[in-house]
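Data file: final-v9.pdb. Format and content: PDB, C-alpha atoms and all ligand atoms.
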```pdb
ATOM      1  CA  MET A   1     -34.079-127.349  91.467
ATOM      2  CA  ASN A   2     -31.674-125.002  89.733
ATOM      3  CA  ILE A   3     -33.238-123.442  86.651
ATOM      4  CA  ALA A   4     -31.647-121.576  83.743
ATOM      5  CA  VAL A   5     -34.098-119.302  81.953
ATOM      6  CA  PHE A   6     -33.322-118.612  78.285
ATOM      7  CA  ALA A   7     -35.125-115.576  76.883
ATOM      8  CA  SER A   8     -34.736-113.227  73.914
ATOM      9  CA  GLY A   9     -37.307-110.588  74.781
ATOM     10  CA  ARG A  10     -39.209-108.752  77.481
ATOM     11  CA  GLY A  11     -39.110-111.533  80.095
ATOM     12  CA  SER A  12     -42.599-111.516  81.597
ATOM     13  CA  ASN A  13     -42.476-115.311  82.031
ATOM     14  CA  LEU A  14     -39.108-114.970  83.794
ATOM     15  CA  GLN A  15     -40.706-112.394  86.086
ATOM     16  CA  ALA A  16     -43.625-114.756  86.799
ATOM     17  CA  ILE A  17     -41.183-117.550  87.665
ATOM     18  CA  LEU A  18     -39.231-115.272  90.014
ATOM     19  CA  ASN A  19     -42.462-114.088  91.669
ATOM     20  CA  ALA A  20     -43.547-117.695  92.270
ATOM     21  CA  ILE A  21     -40.161-118.490  93.808
ATOM     22  CA  HIS A  22     -40.282-115.429  96.066
ATOM     23  CA  GLN A  23     -43.806-116.329  97.183
ATOM     24  CA  GLY A  24     -42.599-119.779  98.194
ATOM     25  CA  PHE A  25     -44.867-121.461  95.635
ATOM     26  CA  LEU A  26     -42.090-122.779  93.388
ATOM     27  CA  PRO A  27     -39.301-124.659  95.201
ATOM     28  CA  ALA A  28     -36.527-123.683  92.801
ATOM     29  CA  ARG A  29     -33.828-121.124  92.088
ATOM     30  CA  VAL A  30     -33.068-119.317  88.851
ATOM     31  CA  THR A  31     -29.282-119.590  88.873
ATOM     32  CA  VAL A  32     -28.661-117.976  85.480
ATOM     33  CA  VAL A  33     -30.537-116.101  82.740
ATOM     34  CA  LEU A  34     -29.169-116.429  79.234
ATOM     35  CA  SER A  35     -30.057-114.443  76.144
ATOM     36  CA  ASN A  36     -28.888-114.180  72.536
ATOM     37  CA  ASN A  37     -30.049-110.557  72.622
ATOM     38  CA  SER A  38     -28.001-108.103  74.655
ATOM     39  CA  ASN A  39     -31.010-105.759  74.870
ATOM     40  CA  ALA A  40     -33.432-108.353  76.208
ATOM     41  CA  GLY A  41     -35.652-107.130  79.020
ATOM     42  CA  ALA A  42     -35.102-110.552  80.586
ATOM     43  CA  LEU A  43     -31.390-109.739  81.150
ATOM     44  CA  GLU A  44     -32.402-106.509  82.868
ATOM     45  CA  ILE A  45     -34.846-108.371  85.127
ATOM     46  CA  ALA A  46     -32.081-110.825  86.012
ATOM     47  CA  ARG A  47     -29.681-108.014  86.939
ATOM     48  CA  LEU A  48     -32.331-106.372  89.112
ATOM     49  CA  HIS A  49     -32.621-109.650  91.016
ATOM     50  CA  LYS A  50     -28.842-110.120  91.206
ATOM     51  CA  ILE A  51     -29.055-113.226  89.061
ATOM     52  CA  PRO A  52     -26.143-113.831  86.639
ATOM     53  CA  ALA A  53     -27.251-112.463  83.242
ATOM     54  CA  VAL A  54     -25.352-113.928  80.320
ATOM     55  CA  HIS A  55     -25.444-112.624  76.768
ATOM     56  CA  LEU A  56     -24.411-115.462  74.487
ATOM     57  CA  SER A  57     -24.562-115.272  70.728
ATOM     58  CA  GLN A  58     -22.926-117.471  68.153
ATOM     59  CA  ILE A  59     -21.368-114.469  66.393
ATOM     60  CA  GLN A  60     -19.134-113.879  69.428
ATOM     61  CA  PHE A  61     -17.320-117.146  68.674
ATOM     62  CA  PRO A  62     -14.945-118.326  65.954
ATOM     63  CA  SER A  63     -16.756-121.647  65.603
ATOM     64  CA  GLU A  64     -20.026-123.332  66.494
ATOM     65  CA  ASP A  65     -18.096-125.735  68.741
ATOM     66  CA  ALA A  66     -16.653-122.877  70.795
ATOM     67  CA  TYR A  67     -20.151-121.399  71.158
ATOM     68  CA  VAL A  68     -21.679-124.694  72.291
ATOM     69  CA  GLU A  69     -18.793-125.424  74.677
ATOM     70  CA  THR A  70     -19.311-122.019  76.289
ATOM     71  CA  MET A  71     -23.056-122.559  76.652
ATOM     72  CA  LEU A  72     -22.487-125.952  78.272
ATOM     73  CA  ALA A  73     -19.846-124.470  80.573
ATOM     74  CA  VAL A  74     -22.217-121.696  81.695
ATOM     75  CA  LEU A  75     -24.888-124.276  82.478
ATOM     76  CA  GLN A  76     -22.452-126.404  84.428
ATOM     77  CA  GLN A  77     -20.973-123.452  86.288
ATOM     78  CA  HIS A  78     -24.433-122.505  87.560
ATOM     79  CA  GLY A  79     -25.417-126.046  88.509
ATOM     80  CA  VAL A  80     -28.331-126.011  86.087
ATOM     81  CA  GLU A  81     -30.714-128.963  86.367
ATOM     82  CA  LEU A  82     -33.509-127.708  84.128
ATOM     83  CA  ILE A  83     -33.642-125.192  81.277
ATOM     84  CA  ALA A  84     -36.812-123.117  80.854
ATOM     85  CA  LEU A  85     -37.116-121.440  77.461
ATOM     86  CA  ALA A  86     -39.262-118.331  77.740
ATOM     87  CA  GLY A  87     -39.438-116.574  74.405
ATOM     88  CA  TYR A  88     -35.983-117.782  73.348
ATOM     89  CA  MET A  89     -35.753-117.204  69.605
ATOM     90  CA  LYS A  90     -32.712-119.328  68.782
ATOM     91  CA  LYS A  91     -32.631-123.025  68.165
ATOM     92  CA  LEU A  92     -30.750-124.799  70.943
ATOM     93  CA  PRO A  93     -27.579-126.626  69.869
ATOM     94  CA  ARG A  94     -28.039-130.379  69.526
ATOM     95  CA  ARG A  95     -25.466-131.114  72.234
ATOM     96  CA  VAL A  96     -27.338-129.016  74.772
ATOM     97  CA  ILE A  97     -30.561-130.864  73.935
ATOM     98  CA  GLU A  98     -28.762-134.205  74.291
ATOM     99  CA  ASN A  99     -27.167-133.244  77.624
ATOM    100  CA  PHE A 100     -30.483-132.066  79.070
ATOM    101  CA  GLN A 101     -32.790-134.753  77.744
ATOM    102  CA  ASN A 102     -36.310-134.346  79.209
ATOM    103  CA  ARG A 103     -35.012-131.393  81.221
ATOM    104  CA  ILE A 104     -35.730-128.555  78.789
ATOM    105  CA  LEU A 105     -39.154-126.912  78.769
ATOM    106  CA  ASN A 106     -40.657-124.337  76.441
ATOM    107  CA  ILE A 107     -43.882-122.371  76.558
ATOM    108  CA  HIS A 108     -45.801-121.728  73.359
ATOM    109  CA  PRO A 109     -48.750-119.321  73.024
ATOM    110  CA  ALA A 110     -51.150-121.748  71.295
ATOM    111  CA  LEU A 111     -52.478-125.271  71.614
ATOM    112  CA  LEU A 112     -49.788-127.483  70.097
ATOM    113  CA  PRO A 113     -49.445-129.492  67.906
ATOM    114  CA  ALA A 114     -51.487-126.906  65.946
ATOM    115  CA  PHE A 115     -50.045-123.457  65.247
ATOM    116  CA  GLY A 116     -46.432-124.342  66.000
ATOM    117  CA  GLY A 117     -43.223-124.843  64.060
ATOM    118  CA  LYS A 118     -40.799-122.576  62.295
ATOM    119  CA  GLY A 119     -42.098-119.031  61.839
ATOM    120  CA  MET A 120     -44.936-119.540  64.324
ATOM    121  CA  TYR A 121     -44.044-117.066  67.023
ATOM    122  CA  GLY A 122     -45.352-113.786  68.422
ATOM    123  CA  HIS A 123     -48.245-112.217  66.540
ATOM    124  CA  TYR A 124     -47.947-114.750  63.675
ATOM    125  CA  VAL A 125     -49.375-117.416  65.973
ATOM    126  CA  HIS A 126     -52.427-115.406  67.016
ATOM    127  CA  GLU A 127     -53.070-114.180  63.457
ATOM    128  CA  ALA A 128     -53.049-117.784  62.240
ATOM    129  CA  VAL A 129     -55.376-118.911  65.024
ATOM    130  CA  ILE A 130     -57.895-116.136  64.274
ATOM    131  CA  ALA A 131     -57.670-116.725  60.500
ATOM    132  CA  SER A 132     -58.339-120.453  61.019
ATOM    133  CA  GLY A 133     -61.670-119.831  62.729
ATOM    134  CA  ALA A 134     -60.625-121.890  65.771
ATOM    135  CA  THR A 135     -62.853-121.146  68.745
ATOM    136  CA  PHE A 136     -60.181-121.987  71.303
ATOM    137  CA  SER A 137     -56.533-121.184  71.676
ATOM    138  CA  GLY A 138     -54.338-121.309  74.765
ATOM    139  CA  ALA A 139     -50.877-122.045  76.047
ATOM    140  CA  THR A 140     -48.744-125.187  75.907
ATOM    141  CA  VAL A 141     -45.764-126.166  78.027
ATOM    142  CA  HIS A 142     -43.769-128.885  76.282
ATOM    143  CA  LEU A 143     -40.455-130.669  76.426
ATOM    144  CA  VAL A 144     -37.905-129.535  73.870
ATOM    145  CA  ASP A 145     -36.395-131.877  71.351
ATOM    146  CA  GLU A 146     -34.681-131.242  68.041
ATOM    147  CA  GLU A 147     -37.781-130.115  66.166
ATOM    148  CA  TYR A 148     -39.431-126.755  66.770
ATOM    149  CA  ASP A 149     -42.510-127.029  69.005
ATOM    150  CA  ARG A 150     -42.781-130.820  68.564
ATOM    151  CA  GLY A 151     -41.600-132.219  71.910
ATOM    152  CA  PRO A 152     -43.983-134.067  74.268
ATOM    153  CA  ILE A 153     -46.741-131.902  75.756
ATOM    154  CA  VAL A 154     -46.494-131.351  79.522
ATOM    155  CA  MET A 155     -49.452-129.043  80.283
ATOM    156  CA  GLN A 156     -52.008-127.039  78.345
ATOM    157  CA  GLN A 157     -54.694-124.530  79.147
ATOM    158  CA  THR A 158     -57.333-123.164  76.808
ATOM    159  CA  VAL A 159     -58.815-119.719  76.308
ATOM    160  CA  PRO A 160     -61.863-119.023  74.122
ATOM    161  CA  VAL A 161     -61.323-117.018  70.929
ATOM    162  CA  GLU A 162     -64.059-114.389  70.807
ATOM    163  CA  LYS A 163     -65.390-112.838  67.567
ATOM    164  CA  THR A 164     -64.049-109.491  68.743
ATOM    165  CA  ASP A 165     -60.520-110.771  69.440
ATOM    166  CA  THR A 166     -57.573-109.271  67.588
ATOM    167  CA  PRO A 167     -54.075-110.840  67.622
ATOM    168  CA  GLU A 168     -53.233-108.320  70.366
ATOM    169  CA  THR A 169     -56.180-109.095  72.655
ATOM    170  CA  LEU A 170     -55.713-112.829  72.184
ATOM    171  CA  ALA A 171     -51.975-112.536  72.952
ATOM    172  CA  ALA A 172     -52.743-110.638  76.161
ATOM    173  CA  LYS A 173     -55.297-113.220  77.355
ATOM    174  CA  ILE A 174     -52.892-116.065  76.632
ATOM    175  CA  LEU A 175     -49.894-114.362  78.232
ATOM    176  CA  HIS A 176     -51.917-114.056  81.419
ATOM    177  CA  ILE A 177     -52.478-117.829  81.599
ATOM    178  CA  GLU A 178     -48.909-118.595  80.434
ATOM    179  CA  HIS A 179     -47.538-117.097  83.617
ATOM    180  CA  LYS A 180     -49.578-119.460  85.793
ATOM    181  CA  LEU A 181     -49.189-122.504  83.588
ATOM    182  CA  TYR A 182     -45.397-122.271  83.315
ATOM    183  CA  VAL A 183     -45.018-121.957  87.053
ATOM    184  CA  GLU A 184     -47.320-124.971  87.606
ATOM    185  CA  ALA A 185     -45.293-127.069  85.178
ATOM    186  CA  LEU A 186     -41.979-126.056  86.744
ATOM    187  CA  LYS A 187     -43.374-126.806  90.194
ATOM    188  CA  ALA A 188     -44.297-130.322  89.070
ATOM    189  CA  PHE A 189     -40.717-130.866  87.842
ATOM    190  CA  ALA A 190     -39.212-129.385  90.995
ATOM    191  CA  GLU A 191     -41.377-131.683  93.127
ATOM    192  CA  GLN A 192     -40.491-134.680  90.954
ATOM    193  CA  ARG A 193     -44.132-135.369  90.120
ATOM    194  CA  VAL A 194     -43.500-135.824  86.391
ATOM    195  CA  VAL A 195     -43.357-139.198  84.654
ATOM    196  CA  ILE A 196     -42.291-139.238  81.015
ATOM    197  CA  LYS A 197     -42.839-142.228  78.766
ATOM    198  CA  GLU A 198     -42.102-141.566  75.118
ATOM    199  CA  ARG A 199     -44.572-138.853  74.076
ATOM    200  CA  ASN A 200     -46.750-139.184  77.157
ATOM    201  CA  VAL A 201     -46.182-137.030  80.188
ATOM    202  CA  TRP A 202     -48.074-137.651  83.410
ATOM    203  CA  ILE A 203     -48.150-135.253  86.314
ATOM    204  CA  HIS A 204     -48.965-136.735  89.688
ATOM    205  CA  SER A 205     -50.965-134.585  92.055
ATOM    206  CA  HIS A 206     -49.570-133.588  95.435
ATOM    207  CA  ASN A 207     -49.343-136.313  98.069
TER     208      ASN A 207
HETATM  209  C1  LIG B 301     -44.510-115.823  75.251
HETATM  210  O1  LIG B 301     -45.714-115.509  74.613
HETATM  211  C2  LIG B 301     -44.162-117.272  75.035
HETATM  212  O2  LIG B 301     -45.280-118.103  74.883
HETATM  213  C3  LIG B 301     -43.394-117.250  73.746
HETATM  214  O3  LIG B 301     -42.653-116.060  73.810
HETATM  215  C4  LIG B 301     -43.332-115.101  74.635
HETATM  216  C5  LIG B 301     -42.338-114.635  75.661
HETATM  217  O4  LIG B 301     -42.848-113.561  76.409
HETATM  218  N1  LIG B 301     -42.597-118.439  73.585
HETATM  219  P1  LIG B 301     -42.027-112.995  77.632
HETATM  220  O5  LIG B 301     -40.665-112.547  77.116
HETATM  221  O6  LIG B 301     -41.907-114.069  78.660
HETATM  222  O7  LIG B 301     -42.822-111.826  78.134
END
```

Reformat the file's structure so that it appears as structure tokens.
Amino acid sequence: MNIAVFASGRGSNLQAILNAIHQGFLPARVTVVLSNNSNAGALEIARLHKIPAVHLSQIQFPSEDAYVETMLAVLQQHGVELIALAGYMKKLPRRVIENFQNRILNIHPALLPAFGGKGMYGHYVHEAVIASGATFSGATVHLVDEEYDRGPIVMQQTVPVEKTDTPETLAAKILHIEHKLYVEALKAFAEQRVVIKERNVWIHSHN
């Protein structure tokens, strides 16, 4: 399975995906890494691994159409079958979502459908979780549709919120499980063990 990873920041999930591929756990290839941020650590990680690293931002283009056409062309050129968003801070163009229906995943650092949506990213998520008094948080891998953080849930894992947790400690605990959860979800897609029916996603276990 050829994966494109879209990332705006440091790229620890990209690194986890590459590690899982190198260890032979994830039967896939990352054929391109795309970022809206030319300084993204994720682009640097891609270059270190000799993976095409593409900086693509709408401001480089005279029109939205030209931007979307270029994004679609990049995906086609690299034979992309699945897009994995990993801290990608831009909304995907509608045409990309339509062309990759049920083939775009995102990872969110909380238990959706709570603590998601516009503005719920980074430390804002963990601050909101702690302020709510929730005793559990976690990570969610979900399919991407046109609404932020609202696509069907693929996999989730919980972590307890301790009284002593700060947004920083909670973020660190969740990031640790994100790396394993994302790889597990991608593995299920790569091994064609995923059945999607409307909002329900079933993962078959290994044969
Ligand atoms: C992760 O916490 C992920 O859940 C969120 O963005 C962060 C990306 O981190 N969507 P990294 O760039 O993969 O280290």

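Taking atom CA of A:Ile21 and atom CA of A:Ala190 as endpoints, the distance between them is 11.3 Å.
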
Test item: the PyMOL selection byres (((chain A and resi 57) around 9) and not hetatm) resolved as a count of residues only
11

Could you write out as a ChimeraX atom specification the residues that the PyMOL selection byres (((not hetatm)) within 9 of (chain B and resi 301)) matches in the shown file?
/A:7-16,40-42,85-89,106-110,121-122,139-141,171-172,174-175,178-179

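Straight-line separation from atom CA of A:Val154 to atom CA of A:Tyr124: 23.0 Å.
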
The PyMOL selection byres (((chain A and resi 130) around 10) and not hetatm) applied to the shown file, residues as JSON, numbers by chain:
{"A": [125, 126, 127, 128, 129, 131, 132, 133, 134, 135, 136, 137, 161, 162, 163, 165, 166, 167, 170]}

Counting all atoms listed in the file, closest pick from A:Glu184, A:Glu191, A:Asp65, A:Glu198 relative to A:Asn102 is A:Glu198

Near A:His204, counting all atoms listed in the file, which residues have an atom at most 9 Å away, once you skip same-chain residues fewer than 3 positions from it, shown as a ChimeraX atom specification?
/A:188,192-195,207

When you count all atoms listed in the file, which of these residues is closest to A:Leu186: A:Arg150, A:Leu92, A:Phe115, A:Met155?
A:Met155

File contents for stretch 161-186 of chain A with N, CA, C and O atoms as a PDB file, in the first residue's frame:
```pdb
ATOM      1  N   VAL A 161      -6.623  10.001  32.873  1.00  0.00           N
ATOM      2  CA  VAL A 161      -6.178  11.366  33.218  1.00  0.00           C
ATOM      3  C   VAL A 161      -5.981  11.381  34.727  1.00  0.00           C
ATOM      4  O   VAL A 161      -6.929  11.155  35.484  1.00  0.00           O
ATOM      5  N   GLU A 162      -4.753  11.606  35.150  1.00  0.00           N
ATOM      6  CA  GLU A 162      -4.449  11.626  36.588  1.00  0.00           C
ATOM      7  C   GLU A 162      -4.631  13.048  37.129  1.00  0.00           C
ATOM      8  O   GLU A 162      -4.512  14.021  36.380  1.00  0.00           O
ATOM      9  N   LYS A 163      -4.864  13.144  38.445  1.00  0.00           N
ATOM     10  CA  LYS A 163      -5.041  14.474  39.081  1.00  0.00           C
ATOM     11  C   LYS A 163      -3.825  15.365  38.850  1.00  0.00           C
ATOM     12  O   LYS A 163      -3.920  16.591  38.794  1.00  0.00           O
ATOM     13  N   THR A 164      -2.657  14.721  38.750  1.00  0.00           N
ATOM     14  CA  THR A 164      -1.416  15.488  38.621  1.00  0.00           C
ATOM     15  C   THR A 164      -1.099  15.847  37.160  1.00  0.00           C
ATOM     16  O   THR A 164      -0.108  16.528  36.907  1.00  0.00           O
ATOM     17  N   ASP A 165      -1.903  15.388  36.220  1.00  0.00           N
ATOM     18  CA  ASP A 165      -1.593  15.647  34.810  1.00  0.00           C
ATOM     19  C   ASP A 165      -1.713  17.131  34.456  1.00  0.00           C
ATOM     20  O   ASP A 165      -2.633  17.822  34.905  1.00  0.00           O
ATOM     21  N   THR A 166      -0.787  17.576  33.638  1.00  0.00           N
ATOM     22  CA  THR A 166      -0.857  18.909  33.026  1.00  0.00           C
ATOM     23  C   THR A 166      -1.099  18.654  31.533  1.00  0.00           C
ATOM     24  O   THR A 166      -0.932  17.525  31.060  1.00  0.00           O
ATOM     25  N   PRO A 167      -1.469  19.688  30.761  1.00  0.00           N
ATOM     26  CA  PRO A 167      -1.628  19.471  29.313  1.00  0.00           C
ATOM     27  C   PRO A 167      -0.373  18.836  28.704  1.00  0.00           C
ATOM     28  O   PRO A 167      -0.466  17.987  27.823  1.00  0.00           O
ATOM     29  N   GLU A 168       0.790  19.185  29.227  1.00  0.00           N
ATOM     30  CA  GLU A 168       2.048  18.653  28.672  1.00  0.00           C
ATOM     31  C   GLU A 168       2.221  17.164  28.988  1.00  0.00           C
ATOM     32  O   GLU A 168       2.597  16.388  28.117  1.00  0.00           O
ATOM     33  N   THR A 169       1.947  16.771  30.233  1.00  0.00           N
ATOM     34  CA  THR A 169       2.149  15.355  30.580  1.00  0.00           C
ATOM     35  C   THR A 169       1.114  14.483  29.876  1.00  0.00           C
ATOM     36  O   THR A 169       1.415  13.378  29.417  1.00  0.00           O
ATOM     37  N   LEU A 170      -0.107  15.017  29.768  1.00  0.00           N
ATOM     38  CA  LEU A 170      -1.160  14.257  29.088  1.00  0.00           C
ATOM     39  C   LEU A 170      -0.816  14.101  27.600  1.00  0.00           C
ATOM     40  O   LEU A 170      -0.948  13.014  27.022  1.00  0.00           O
ATOM     41  N   ALA A 171      -0.339  15.174  26.986  1.00  0.00           N
ATOM     42  CA  ALA A 171       0.051  15.132  25.564  1.00  0.00           C
ATOM     43  C   ALA A 171       1.132  14.076  25.342  1.00  0.00           C
ATOM     44  O   ALA A 171       1.081  13.302  24.384  1.00  0.00           O
ATOM     45  N   ALA A 172       2.095  14.019  26.248  1.00  0.00           N
ATOM     46  CA  ALA A 172       3.206  13.067  26.093  1.00  0.00           C
ATOM     47  C   ALA A 172       2.706  11.626  26.194  1.00  0.00           C
ATOM     48  O   ALA A 172       3.100  10.764  25.399  1.00  0.00           O
ATOM     49  N   LYS A 173       1.810  11.377  27.174  1.00  0.00           N
ATOM     50  CA  LYS A 173       1.277  10.008  27.335  1.00  0.00           C
ATOM     51  C   LYS A 173       0.491   9.607  26.087  1.00  0.00           C
ATOM     52  O   LYS A 173       0.572   8.470  25.619  1.00  0.00           O
ATOM     53  N   ILE A 174      -0.284  10.540  25.564  1.00  0.00           N
ATOM     54  CA  ILE A 174      -1.125  10.222  24.405  1.00  0.00           C
ATOM     55  C   ILE A 174      -0.269  10.046  23.156  1.00  0.00           C
ATOM     56  O   ILE A 174      -0.492   9.126  22.365  1.00  0.00           O
ATOM     57  N   LEU A 175       0.734  10.894  22.998  1.00  0.00           N
ATOM     58  CA  LEU A 175       1.593  10.769  21.805  1.00  0.00           C
ATOM     59  C   LEU A 175       2.221   9.375  21.744  1.00  0.00           C
ATOM     60  O   LEU A 175       2.330   8.773  20.673  1.00  0.00           O
ATOM     61  N   HIS A 176       2.589   8.876  22.900  1.00  0.00           N
ATOM     62  CA  HIS A 176       3.209   7.556  22.988  1.00  0.00           C
ATOM     63  C   HIS A 176       2.261   6.481  22.420  1.00  0.00           C
ATOM     64  O   HIS A 176       2.687   5.619  21.652  1.00  0.00           O
ATOM     65  N   ILE A 177       0.985   6.549  22.799  1.00  0.00           N
ATOM     66  CA  ILE A 177       0.053   5.530  22.270  1.00  0.00           C
ATOM     67  C   ILE A 177      -0.357   5.821  20.828  1.00  0.00           C
ATOM     68  O   ILE A 177      -0.662   4.911  20.068  1.00  0.00           O
ATOM     69  N   GLU A 178      -0.329   7.110  20.432  1.00  0.00           N
ATOM     70  CA  GLU A 178      -0.659   7.454  19.034  1.00  0.00           C
ATOM     71  C   GLU A 178       0.224   6.679  18.068  1.00  0.00           C
ATOM     72  O   GLU A 178      -0.230   6.173  17.048  1.00  0.00           O
ATOM     73  N   HIS A 179       1.503   6.636  18.397  1.00  0.00           N
ATOM     74  CA  HIS A 179       2.468   6.019  17.480  1.00  0.00           C
ATOM     75  C   HIS A 179       2.137   4.558  17.221  1.00  0.00           C
ATOM     76  O   HIS A 179       2.284   4.070  16.110  1.00  0.00           O
ATOM     77  N   LYS A 180       1.659   3.865  18.255  1.00  0.00           N
ATOM     78  CA  LYS A 180       1.314   2.443  18.082  1.00  0.00           C
ATOM     79  C   LYS A 180      -0.036   2.299  17.404  1.00  0.00           C
ATOM     80  O   LYS A 180      -0.232   1.451  16.532  1.00  0.00           O
ATOM     81  N   LEU A 181      -0.965   3.153  17.823  1.00  0.00           N
ATOM     82  CA  LEU A 181      -2.334   3.040  17.297  1.00  0.00           C
ATOM     83  C   LEU A 181      -2.383   3.344  15.797  1.00  0.00           C
ATOM     84  O   LEU A 181      -3.066   2.649  15.029  1.00  0.00           O
ATOM     85  N   TYR A 182      -1.650   4.375  15.372  1.00  0.00           N
ATOM     86  CA  TYR A 182      -1.709   4.760  13.956  1.00  0.00           C
ATOM     87  C   TYR A 182      -1.147   3.637  13.081  1.00  0.00           C
ATOM     88  O   TYR A 182      -1.701   3.294  12.046  1.00  0.00           O
ATOM     89  N   VAL A 183      -0.060   3.064  13.555  1.00  0.00           N
ATOM     90  CA  VAL A 183       0.566   1.981  12.806  1.00  0.00           C
ATOM     91  C   VAL A 183      -0.379   0.769  12.726  1.00  0.00           C
ATOM     92  O   VAL A 183      -0.518   0.140  11.679  1.00  0.00           O
ATOM     93  N   GLU A 184      -1.052   0.460  13.826  1.00  0.00           N
ATOM     94  CA  GLU A 184      -2.022  -0.653  13.835  1.00  0.00           C
ATOM     95  C   GLU A 184      -3.142  -0.399  12.830  1.00  0.00           C
ATOM     96  O   GLU A 184      -3.562  -1.305  12.106  1.00  0.00           O
ATOM     97  N   ALA A 185      -3.638   0.817  12.810  1.00  0.00           N
ATOM     98  CA  ALA A 185      -4.745   1.148  11.898  1.00  0.00           C
ATOM     99  C   ALA A 185      -4.278   1.058  10.442  1.00  0.00           C
ATOM    100  O   ALA A 185      -4.969   0.483   9.588  1.00  0.00           O
ATOM    101  N   LEU A 186      -3.105   1.587  10.175  1.00  0.00           N
ATOM    102  CA  LEU A 186      -2.577   1.533   8.798  1.00  0.00           C
ATOM    103  C   LEU A 186      -2.321   0.095   8.377  1.00  0.00           C
ATOM    104  O   LEU A 186      -2.577  -0.286   7.231  1.00  0.00           O
TER     105      LEU A 186
END
```
